[in-house]
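See below for the structure under consideration.
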Amino acid sequence: MTIRTRFAPSPTGYLHVGGARTALYSWLYARKHGGKFILRIEDTDLERSTPESVNAILEGMAWLGLEYDEGPFYQTHRFDRYNEAIERLLEKGLAYRCDCSKERLEKLREEQMAKKLKPRYDGRCRCREVDPGKPHVVRFRNPDEGTVVFQDLVRGTIRVRNAELDDLIIRRSDGSPTYNLTVVVDDADMGITHVIRGDDHINNTPRQINLLRALDLPVPQYAHLPMILGDDGSRLSKRHGAVSVMQYMHDGFLPEALLNYLVRLGWSHGDQEIFSLDEMVELFDLSEVNRSPSTFNREKLLWLNQHYMKESDPAHVARLLSPHMGELGIDPAQGPDLVRVVEAQRERAQTLVELARISAFYYRDFERYEEKAAKRALKPAAVEPLRAVRDRLSALESWRREEIHAAIEATVKELDVGFGKVGMPLRVAVTGGAPSPDLDLTLELVGREATLRRIDRAIEQIGQQA
């Protein structure tokens with residue numbers, strides 16, 4: 001049997017971290033077992049589904065690198081198939097038309113709630129003849145007796161008595177099919193063997209199993225993932241970081257860092273924290289997914305992101321950094337090699353946005369000095385060291401860090417002062433106070449012309465303060 005999994009988001013908003021984790025787990029399971037991963041867009045909610053949301057889902061999947069083998073399939077293109085299934089259920093007497101008014105259903109609900117009963121349809125139209133030419137819905141005739149039993153790959157054996165289930169609506173009065181009907185038809189038609197989804201769908205699963213059996217369709221295996229909570233224990237929301245996956249890209253996260261973080265939100269392999277994508281595929285197992293909710297921690301994500309920035313191929317980091325430099329109005333081709341800048345700076349930032357900000361001085365003069373750094377370093381006593389080191393730097397035949405280092409050391413020796421008396425004002429003069437690596441490397445990357453220009457500016461700045 002070929003394993004076939006699917007990710008089936010509704011395009012009513014962005015792709016959020018919970019959806020991304022579901023997609024990742026489904027993708028990993030298919031890849032581990034040599035199977036296929038299918039993308040399905042469940043867009044039957046015609047009022048809320050938007051093309052923008054579809055694009056956001058596709059962009060998020062592409063950025064994360066979760067390539068799908070088939071799809072995207074759109075449910076709105078399959079209405080004829082759903083109606084065929086509904087008509088089959090009607091013919092078999094396993095579905096019926098219902099013309100109960102909203103007022104009657106609401107009154108029924110209130111009466112049941114008053115008696116502390118679980119609200120459910122009372123089956124009034126099960127044995128009534130309803131005119132198909134008048135407004136009505138179609139309901140599935142759920143079995144009255146027996147128990148639905150399924151082996152959840154995460155939660156173990158789950159049993160639900162049919163007496164607890166409702167005669168759910170499978171076609172609305174406007175003729176559109178409902179979620180539970182479309183899902184079972186799609187899963188069967190697409191040969192889905194494993195349905196991996198959030199545990200908010202557990203209540204739907206026994207209903208869907210009954211529908212599959214009524215349609216004589218195979219029942220897949222189910223795995224329901226625990227929900228993700230914020231660090232305060234409440235349901236994950238925007239204030240915890242439940243934003244669009246693409247927002248993480250805009251915020252300067254690496255896709256591999258987010259994937260590594262997501263895979264650990266509910267799954268573990270010993271005490272291992274860092275996983276390459278190949279390791280995830282090799283080691284991932286649904287039996288090791290936790291049953292209890294996971295907690296989203298942005299600080300942990302930032303730690304992982306910094307790890308990947310430091311350990312990844314600097315050329316890869318530079319490619320991802322480039323658009324963030326562009327956001328600052330910087331053309332990274334007009335200045336030092338961006339790969340070398342990444343190598344010099346990446347240990348000093350947690351995100352690409354931060355890395356771009358602290359690296360801007362390599363490509364353009366800064367508007368102002370960092371106040372504390374300038375107050376500490378750019379004092380009247382710094383003028384002589386700055387002038388002396390400028391003279392030596394301007395005389396260099398080659399602008400390489402070895403020669404730059406020698407020029408600074410010679411200045412220190414000439415003035416008979418500690419290295420900091422020369423190095424501190426020189427660093428602030430050239431960087432504005434931004435975090436930077438060894439001084440000789442910093443100056444080499446900034447370049448001769450910009451270095452000398454900024455030293456002159458610092459000397460002038462000190463003169464204006466005197």
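Lettering and numbering for the structure tokens are positional, with chains as A, B, ... in the shown order, residues counted from 1 in each chain, and ligands counted from 1 in the shown order.
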
Practice problem: Considering only C-alpha atoms, return as a PyMOL selection string whatever protein or nucleic-acid residues lie within 8 Å of Ser294 (chain A), sequence-local ones (same chain, fewer than 3 positions apart) excluded. | Solution: chain A and resi 226-229+265-266

Exercise. Might you pull out every residue within 9 Å of region 185-188 of chain A, with only C-alpha atoms counted and same-chain residues fewer than 4 positions away left off, and present them as a list in words?
Key: Arg6, Arg40, Gln75, Arg78, Arg81, Tyr82, Ala85, Asn180, Leu181, Ile192, Thr193, Val195, Leu212, Leu215, Leu217, Pro218, Val219 and Pro220 of chain A

With N, CA and C atoms retained, write the just-selected residues as a JSON list (two decimals), in the first residue's frame.
[["chain", "number", "residue", "atom", "x", "y", "z"],
["A", 6, "ARG", "N", -2.55, 14.11, 3.25],
["A", 6, "ARG", "CA", -3.02, 15.36, 2.64],
["A", 6, "ARG", "C", -2.99, 16.49, 3.65],
["A", 40, "ARG", "N", -4.97, 20.00, -0.80],
["A", 40, "ARG", "CA", -6.37, 20.20, -1.18],
["A", 40, "ARG", "C", -6.86, 21.50, -0.56],
["A", 75, "GLN", "N", -12.13, 22.21, -3.89],
["A", 75, "GLN", "CA", -13.43, 21.57, -3.71],
["A", 75, "GLN", "C", -14.52, 22.23, -4.54],
["A", 78, "ARG", "N", -15.54, 20.47, -7.64],
["A", 78, "ARG", "CA", -15.99, 19.08, -7.51],
["A", 78, "ARG", "C", -17.44, 18.96, -7.02],
["A", 81, "ARG", "N", -19.45, 15.96, -8.20],
["A", 81, "ARG", "CA", -19.09, 14.69, -7.53],
["A", 81, "ARG", "C", -19.76, 14.60, -6.16],
["A", 82, "TYR", "N", -19.80, 15.71, -5.44],
["A", 82, "TYR", "CA", -20.43, 15.69, -4.11],
["A", 82, "TYR", "C", -21.93, 15.45, -4.23],
["A", 85, "ALA", "N", -22.71, 11.87, -4.75],
["A", 85, "ALA", "CA", -22.66, 11.10, -3.50],
["A", 85, "ALA", "C", -23.91, 11.33, -2.66],
["A", 180, "ASN", "N", -18.25, 17.98, 6.20],
["A", 180, "ASN", "CA", -18.11, 16.56, 6.49],
["A", 180, "ASN", "C", -18.37, 15.68, 5.28],
["A", 181, "LEU", "N", -19.25, 16.09, 4.40],
["A", 181, "LEU", "CA", -19.53, 15.31, 3.20],
["A", 181, "LEU", "C", -18.38, 15.43, 2.20],
["A", 192, "ILE", "N", -6.62, 8.78, 0.07],
["A", 192, "ILE", "CA", -5.91, 9.15, 1.31],
["A", 192, "ILE", "C", -5.92, 7.96, 2.27],
["A", 193, "THR", "N", -4.74, 7.57, 2.71],
["A", 193, "THR", "CA", -4.63, 6.45, 3.65],
["A", 193, "THR", "C", -4.51, 6.90, 5.09],
["A", 195, "VAL", "N", -5.13, 10.35, 7.59],
["A", 195, "VAL", "CA", -5.60, 11.72, 7.82],
["A", 195, "VAL", "C", -4.94, 12.23, 9.09],
["A", 212, "LEU", "N", -18.50, 7.47, 5.39],
["A", 212, "LEU", "CA", -17.69, 6.62, 4.52],
["A", 212, "LEU", "C", -18.31, 5.24, 4.39],
["A", 215, "LEU", "N", -21.37, 5.15, 2.24],
["A", 215, "LEU", "CA", -21.04, 5.29, 0.81],
["A", 215, "LEU", "C", -20.19, 4.12, 0.32],
["A", 217, "LEU", "N", -17.18, 3.34, 1.14],
["A", 217, "LEU", "CA", -15.83, 3.84, 0.84],
["A", 217, "LEU", "C", -14.86, 3.41, 1.93],
["A", 218, "PRO", "N", -13.59, 3.26, 1.58],
["A", 218, "PRO", "CA", -12.60, 2.83, 2.59],
["A", 218, "PRO", "C", -12.38, 3.89, 3.66],
["A", 219, "VAL", "N", -12.13, 3.43, 4.89],
["A", 219, "VAL", "CA", -11.90, 4.34, 6.02],
["A", 219, "VAL", "C", -10.39, 4.48, 6.22],
["A", 220, "PRO", "N", -9.87, 5.69, 6.14],
["A", 220, "PRO", "CA", -8.43, 5.89, 6.37],
["A", 220, "PRO", "C", -8.08, 5.76, 7.84]]

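Taking CA of Arg126 (chain A) and CA of Tyr96 (chain A) as endpoints, the distance between them is 6.3 Å.
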
Quiz item: Where in region 88-277 of chain A does DSSP assign strand (DSSP E or B), given as a ChimeraX atom specification?
Solution: /A:95-98,137-140,147-152,156-161,169-171,177,194-198,221-225,228-229,235,267

Those same residues, written as a tab-separated table (two decimals), in the first residue's frame with N, CA and C atoms?
chain	number	residue	atom	x	y	z
A	95	ALA	N	-30.03	9.19	3.66
A	95	ALA	CA	-30.09	10.64	3.80
A	95	ALA	C	-31.53	11.05	3.53
A	96	TYR	N	-31.92	12.20	4.01
A	96	TYR	CA	-33.29	12.66	3.80
A	96	TYR	C	-33.33	14.19	3.75
A	97	ARG	N	-34.40	14.69	3.13
A	97	ARG	CA	-34.59	16.14	3.03
A	97	ARG	C	-35.26	16.65	4.30
A	98	CYS	N	-34.87	17.87	4.69
A	98	CYS	CA	-35.40	18.46	5.93
A	98	CYS	C	-35.75	19.91	5.65
A	137	VAL	N	-32.79	21.40	3.36
A	137	VAL	CA	-31.42	20.88	3.44
A	137	VAL	C	-31.50	19.37	3.33
A	138	VAL	N	-30.35	18.75	3.14
A	138	VAL	CA	-30.29	17.28	3.15
A	138	VAL	C	-29.47	16.86	4.36
A	139	ARG	N	-30.04	15.93	5.13
A	139	ARG	CA	-29.35	15.43	6.32
A	139	ARG	C	-28.94	13.96	6.12
A	140	PHE	N	-27.83	13.61	6.71
A	140	PHE	CA	-27.39	12.22	6.74
A	140	PHE	C	-28.12	11.48	7.87
A	147	THR	N	-21.67	1.59	18.09
A	147	THR	CA	-20.58	2.47	18.51
A	147	THR	C	-19.54	2.57	17.39
A	148	VAL	N	-19.07	3.77	17.16
A	148	VAL	CA	-17.96	3.97	16.22
A	148	VAL	C	-16.66	3.81	17.01
A	149	VAL	N	-15.82	2.92	16.56
A	149	VAL	CA	-14.53	2.68	17.22
A	149	VAL	C	-13.43	2.87	16.19
A	150	PHE	N	-12.46	3.70	16.52
A	150	PHE	CA	-11.30	3.84	15.60
A	150	PHE	C	-10.02	3.97	16.42
A	151	GLN	N	-8.95	3.53	15.82
A	151	GLN	CA	-7.64	3.54	16.47
A	151	GLN	C	-6.89	4.78	16.03
A	152	ASP	N	-6.89	5.78	16.89
A	152	ASP	CA	-6.17	7.01	16.57
A	152	ASP	C	-4.67	6.77	16.77
A	156	GLY	N	-4.73	6.75	20.60
A	156	GLY	CA	-5.15	5.39	20.93
A	156	GLY	C	-6.60	5.12	20.52
A	157	THR	N	-7.23	4.18	21.18
A	157	THR	CA	-8.60	3.77	20.82
A	157	THR	C	-9.61	4.83	21.26
A	158	ILE	N	-10.48	5.20	20.33
A	158	ILE	CA	-11.54	6.17	20.63
A	158	ILE	C	-12.88	5.53	20.27
A	159	ARG	N	-13.82	5.62	21.20
A	159	ARG	CA	-15.16	5.06	21.01
A	159	ARG	C	-16.21	6.16	21.17
A	160	VAL	N	-17.15	6.20	20.25
A	160	VAL	CA	-18.24	7.17	20.33
A	160	VAL	C	-19.55	6.44	20.00
A	161	ARG	N	-20.53	6.53	20.89
A	161	ARG	CA	-21.83	5.88	20.64
A	161	ARG	C	-22.59	6.66	19.57
A	169	ILE	N	-26.20	17.94	8.64
A	169	ILE	CA	-26.56	18.46	7.32
A	169	ILE	C	-25.40	18.18	6.36
A	170	ILE	N	-25.71	17.59	5.20
A	170	ILE	CA	-24.66	17.34	4.21
A	170	ILE	C	-24.83	18.20	2.95
A	171	ARG	N	-26.01	18.83	2.80
A	171	ARG	CA	-26.18	19.81	1.73
A	171	ARG	C	-27.05	20.94	2.25
A	177	PRO	N	-22.55	21.66	-0.75
A	177	PRO	CA	-22.27	20.57	0.19
A	177	PRO	C	-21.54	21.09	1.41
A	194	HIS	N	-3.96	8.12	5.29
A	194	HIS	CA	-3.73	8.62	6.65
A	194	HIS	C	-4.17	10.08	6.72
A	195	VAL	N	-5.13	10.35	7.59
A	195	VAL	CA	-5.60	11.72	7.82
A	195	VAL	C	-4.94	12.23	9.09
A	196	ILE	N	-4.02	13.19	8.92
A	196	ILE	CA	-3.30	13.78	10.05
A	196	ILE	C	-3.80	15.21	10.19
A	197	ARG	N	-4.43	15.53	11.33
A	197	ARG	CA	-5.04	16.84	11.48
A	197	ARG	C	-5.15	17.18	12.96
A	198	GLY	N	-5.59	18.41	13.25
A	198	GLY	CA	-5.70	18.87	14.62
A	198	GLY	C	-6.80	18.15	15.39
A	221	GLN	N	-6.79	5.78	8.14
A	221	GLN	CA	-6.34	5.85	9.52
A	221	GLN	C	-6.27	7.32	9.92
A	222	TYR	N	-6.55	7.58	11.19
A	222	TYR	CA	-6.59	8.96	11.67
A	222	TYR	C	-5.53	9.20	12.74
A	223	ALA	N	-4.99	10.41	12.72
A	223	ALA	CA	-4.06	10.85	13.75
A	223	ALA	C	-4.40	12.29	14.09
A	224	HIS	N	-4.82	12.53	15.32
A	224	HIS	CA	-5.24	13.87	15.73
A	224	HIS	C	-4.17	14.50	16.61
A	225	LEU	N	-3.68	15.65	16.16
A	225	LEU	CA	-2.57	16.33	16.82
A	225	LEU	C	-3.09	17.25	17.93
A	228	ILE	N	-2.03	23.78	20.02
A	228	ILE	CA	-0.88	24.58	20.42
A	228	ILE	C	-1.39	25.73	21.29
A	229	LEU	N	-0.78	25.89	22.46
A	229	LEU	CA	-1.16	26.94	23.40
A	229	LEU	C	-0.11	28.03	23.43
A	235	ARG	N	-5.35	29.53	24.55
A	235	ARG	CA	-5.31	29.17	23.13
A	235	ARG	C	-4.41	30.14	22.37
A	267	TRP	N	6.23	16.75	19.19
A	267	TRP	CA	6.97	15.52	18.89
A	267	TRP	C	8.37	15.66	19.42

DSSP alpha helix (DSSP H) selection over region 171-337 of chain A, as a CSV table (one decimal) with N, CA and C atoms, in the first residue's frame:
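What landed in part.csv:
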chain,number,residue,atom,x,y,z
A,179,TYR,N,-18.9,20.5,4.9
A,179,TYR,CA,-17.5,20.1,5.1
A,179,TYR,C,-17.5,18.6,5.3
A,180,ASN,N,-18.3,18.0,6.2
A,180,ASN,CA,-18.1,16.6,6.5
A,180,ASN,C,-18.4,15.7,5.3
A,181,LEU,N,-19.3,16.1,4.4
A,181,LEU,CA,-19.5,15.3,3.2
A,181,LEU,C,-18.4,15.4,2.2
A,182,THR,N,-17.9,16.7,2.0
A,182,THR,CA,-16.9,16.9,1.0
A,182,THR,C,-15.6,16.2,1.4
A,183,VAL,N,-15.3,16.2,2.6
A,183,VAL,CA,-14.0,15.6,3.1
A,183,VAL,C,-14.0,14.1,2.9
A,184,VAL,N,-15.1,13.4,3.2
A,184,VAL,CA,-15.1,12.0,3.0
A,184,VAL,C,-15.0,11.6,1.6
A,185,VAL,N,-15.7,12.3,0.7
A,185,VAL,CA,-15.7,12.0,-0.7
A,185,VAL,C,-14.3,12.2,-1.3
A,186,ASP,N,-13.7,13.4,-0.9
A,186,ASP,CA,-12.3,13.7,-1.4
A,186,ASP,C,-11.3,12.7,-0.9
A,187,ASP,N,-11.3,12.4,0.4
A,187,ASP,CA,-10.3,11.5,1.0
A,187,ASP,C,-10.4,10.1,0.3
A,188,ALA,N,-11.6,9.7,0.0
A,188,ALA,CA,-11.8,8.4,-0.7
A,188,ALA,C,-11.3,8.5,-2.2
A,189,ASP,N,-11.8,9.5,-2.9
A,189,ASP,CA,-11.4,9.7,-4.3
A,189,ASP,C,-9.9,9.9,-4.5
A,204,ASN,N,-15.6,15.3,14.6
A,204,ASN,CA,-16.0,15.1,13.2
A,204,ASN,C,-15.7,13.6,12.7
A,205,THR,N,-14.7,13.0,13.3
A,205,THR,CA,-14.2,11.7,12.8
A,205,THR,C,-15.3,10.6,12.8
A,206,PRO,N,-16.0,10.4,14.0
A,206,PRO,CA,-17.0,9.3,13.9
A,206,PRO,C,-18.1,9.6,12.9
A,207,ARG,N,-18.5,10.8,12.7
A,207,ARG,CA,-19.5,11.2,11.7
A,207,ARG,C,-19.0,10.9,10.3
A,208,GLN,N,-17.7,11.2,10.1
A,208,GLN,CA,-17.1,10.9,8.8
A,208,GLN,C,-17.0,9.5,8.5
A,209,ILE,N,-16.6,8.7,9.5
A,209,ILE,CA,-16.5,7.2,9.4
A,209,ILE,C,-17.9,6.7,9.0
A,210,ASN,N,-18.9,7.1,9.7
A,210,ASN,CA,-20.3,6.7,9.3
A,210,ASN,C,-20.7,7.0,7.9
A,211,LEU,N,-20.3,8.2,7.5
A,211,LEU,CA,-20.5,8.6,6.1
A,211,LEU,C,-19.8,7.7,5.1
A,212,LEU,N,-18.5,7.5,5.4
A,212,LEU,CA,-17.7,6.6,4.5
A,212,LEU,C,-18.3,5.2,4.4
A,213,ARG,N,-18.7,4.7,5.5
A,213,ARG,CA,-19.3,3.3,5.5
A,213,ARG,C,-20.7,3.3,4.7
A,214,ALA,N,-21.4,4.4,4.9
A,214,ALA,CA,-22.7,4.5,4.2
A,214,ALA,C,-22.5,4.6,2.7
A,245,VAL,N,2.5,32.4,8.5
A,245,VAL,CA,3.8,31.9,8.3
A,245,VAL,C,4.6,32.9,7.5
A,246,MET,N,4.0,33.6,6.5
A,246,MET,CA,4.8,34.5,5.8
A,246,MET,C,5.3,35.7,6.6
A,247,GLN,N,4.6,36.0,7.7
A,247,GLN,CA,5.0,37.1,8.6
A,247,GLN,C,6.4,36.7,9.2
A,248,TYR,N,6.6,35.4,9.5
A,248,TYR,CA,7.9,35.0,10.0
A,248,TYR,C,9.0,35.2,9.0
A,249,MET,N,8.7,35.0,7.7
A,249,MET,CA,9.6,35.4,6.7
A,249,MET,C,10.0,36.8,6.7
A,250,HIS,N,8.9,37.7,6.8
A,250,HIS,CA,9.1,39.1,6.8
A,250,HIS,C,9.8,39.6,8.1
A,255,PRO,N,13.4,29.6,7.1
A,255,PRO,CA,12.4,28.5,7.0
A,255,PRO,C,12.8,27.3,7.7
A,256,GLU,N,14.0,26.9,7.6
A,256,GLU,CA,14.5,25.7,8.3
A,256,GLU,C,14.4,25.8,9.8
A,257,ALA,N,14.6,27.0,10.3
A,257,ALA,CA,14.4,27.3,11.8
A,257,ALA,C,13.0,27.1,12.2
A,258,LEU,N,12.0,27.6,11.4
A,258,LEU,CA,10.6,27.5,11.8
A,258,LEU,C,10.2,26.0,11.7
A,259,LEU,N,10.7,25.3,10.6
A,259,LEU,CA,10.3,23.9,10.5
A,259,LEU,C,10.8,23.1,11.7
A,260,ASN,N,12.1,23.4,12.1
A,260,ASN,CA,12.7,22.7,13.2
A,260,ASN,C,11.9,23.0,14.5
A,261,TYR,N,11.4,24.2,14.6
A,261,TYR,CA,10.6,24.6,15.8
A,261,TYR,C,9.3,23.9,15.8
A,262,LEU,N,8.6,23.9,14.6
A,262,LEU,CA,7.3,23.3,14.5
A,262,LEU,C,7.3,21.8,14.7
A,263,VAL,N,8.4,21.1,14.3
A,263,VAL,CA,8.4,19.6,14.4
A,263,VAL,C,8.5,19.3,15.9
A,277,LEU,N,16.3,18.6,7.9
A,277,LEU,CA,15.1,18.1,7.2
A,277,LEU,C,15.2,16.6,7.0
A,278,ASP,N,16.4,16.2,6.6
A,278,ASP,CA,16.6,14.7,6.4
A,278,ASP,C,16.5,13.9,7.7
A,279,GLU,N,16.9,14.5,8.8
A,279,GLU,CA,16.8,13.8,10.1
A,279,GLU,C,15.3,13.8,10.5
A,280,MET,N,14.6,14.8,10.2
A,280,MET,CA,13.1,14.8,10.5
A,280,MET,C,12.4,13.7,9.8
A,281,VAL,N,12.7,13.6,8.5
A,281,VAL,CA,12.1,12.5,7.7
A,281,VAL,C,12.5,11.1,8.2
A,282,GLU,N,13.8,11.0,8.6
A,282,GLU,CA,14.2,9.7,9.1
A,282,GLU,C,13.6,9.3,10.4
A,283,LEU,N,13.5,10.3,11.3
A,283,LEU,CA,13.2,10.0,12.7
A,283,LEU,C,11.7,10.1,13.1
A,298,ARG,N,8.2,31.9,21.8
A,298,ARG,CA,8.9,32.7,20.7
A,298,ARG,C,10.4,32.8,21.0
A,299,GLU,N,10.8,32.8,22.3
A,299,GLU,CA,12.2,32.9,22.7
A,299,GLU,C,12.9,31.7,22.2
A,300,LYS,N,12.3,30.5,22.3
A,300,LYS,CA,12.9,29.3,21.8
A,300,LYS,C,13.0,29.3,20.3
A,301,LEU,N,12.0,29.9,19.6
A,301,LEU,CA,12.1,30.0,18.2
A,301,LEU,C,13.3,31.0,17.8
A,302,LEU,N,13.4,32.0,18.5
A,302,LEU,CA,14.5,33.0,18.3
A,302,LEU,C,15.9,32.3,18.5
A,303,TRP,N,16.0,31.5,19.5
A,303,TRP,CA,17.2,30.7,19.8
A,303,TRP,C,17.6,29.8,18.6
A,304,LEU,N,16.5,29.1,18.1
A,304,LEU,CA,16.7,28.2,17.0
A,304,LEU,C,17.1,29.0,15.7
A,305,ASN,N,16.5,30.1,15.5
A,305,ASN,CA,16.8,30.9,14.3
A,305,ASN,C,18.2,31.4,14.4
A,306,GLN,N,18.7,31.8,15.5
A,306,GLN,CA,20.1,32.3,15.6
A,306,GLN,C,21.0,31.1,15.4
A,307,HIS,N,20.7,29.9,15.9
A,307,HIS,CA,21.5,28.7,15.6
A,307,HIS,C,21.7,28.5,14.1
A,308,TYR,N,20.5,28.5,13.4
A,308,TYR,CA,20.6,28.3,11.9
A,308,TYR,C,21.3,29.4,11.2
A,309,MET,N,21.2,30.6,11.7
A,309,MET,CA,22.0,31.7,11.1
A,309,MET,C,23.5,31.5,11.2
A,310,LYS,N,23.9,31.0,12.4
A,310,LYS,CA,25.3,30.8,12.7
A,310,LYS,C,25.8,29.6,12.0
A,311,GLU,N,25.0,28.5,11.9
A,311,GLU,CA,25.5,27.2,11.4
A,311,GLU,C,25.3,26.9,9.9
A,314,PRO,N,26.9,30.3,4.8
A,314,PRO,CA,26.7,31.7,4.8
A,314,PRO,C,26.2,32.2,3.4
A,315,ALA,N,26.4,31.5,2.3
A,315,ALA,CA,25.9,31.9,1.1
A,315,ALA,C,24.3,31.8,1.1
A,316,HIS,N,23.8,30.7,1.7
A,316,HIS,CA,22.4,30.5,1.9
A,316,HIS,C,21.8,31.6,2.7
A,317,VAL,N,22.4,32.0,3.8
A,317,VAL,CA,22.0,33.0,4.7
A,317,VAL,C,22.0,34.4,3.9
A,318,ALA,N,23.0,34.6,3.1
A,318,ALA,CA,23.1,35.8,2.4
A,318,ALA,C,22.0,36.0,1.4
A,319,ARG,N,21.6,34.9,0.7
A,319,ARG,CA,20.5,34.9,-0.2
A,319,ARG,C,19.2,35.3,0.5
A,320,LEU,N,19.0,34.8,1.7
A,320,LEU,CA,17.8,35.1,2.5
A,320,LEU,C,17.9,36.5,3.0
A,321,LEU,N,19.1,37.0,3.3
A,321,LEU,CA,19.3,38.3,3.9
A,321,LEU,C,19.1,39.4,2.9
A,322,SER,N,19.4,39.1,1.6
A,322,SER,CA,19.4,40.2,0.6
A,322,SER,C,18.1,41.0,0.5
A,323,PRO,N,16.9,40.4,0.5
A,323,PRO,CA,15.7,41.2,0.4
A,323,PRO,C,15.5,42.1,1.6
A,324,HIS,N,16.0,41.6,2.8
A,324,HIS,CA,15.9,42.5,4.0
A,324,HIS,C,16.8,43.7,3.9
A,325,MET,N,18.0,43.5,3.2
A,325,MET,CA,18.8,44.7,2.9
A,325,MET,C,18.1,45.6,2.0
A,326,GLY,N,17.4,45.1,1.0
A,326,GLY,CA,16.6,45.9,0.0
A,326,GLY,C,15.5,46.6,0.7
A,327,GLU,N,14.9,46.1,1.8
A,327,GLU,CA,13.9,46.8,2.6
A,327,GLU,C,14.5,48.0,3.2

Quiz prompt | Selected residue of minimal separation from Gly433 (chain A) among A:Leu46, A:Ala62, A:Leu39, A:Ala458, counting only C-alpha atoms | solution =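 Ranked by minimum distance to Gly433 (chain A), first place goes to A:Ala458.
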
Quiz prompt | Option closest in space to Glu343 (chain A), from A:Asp167, A:Leu94, A:Thr442, A:Glu449 [counting only C-alpha atoms] | solution =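 Of the candidates, the smallest distance to Glu343 (chain A) is held by A:Thr442.
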
Exercise. Enter the distance from CA of Leu355 (chain A) to CA of Val341 (chain A), in Å, rounded to one decimal.
Key: 9.5 Å
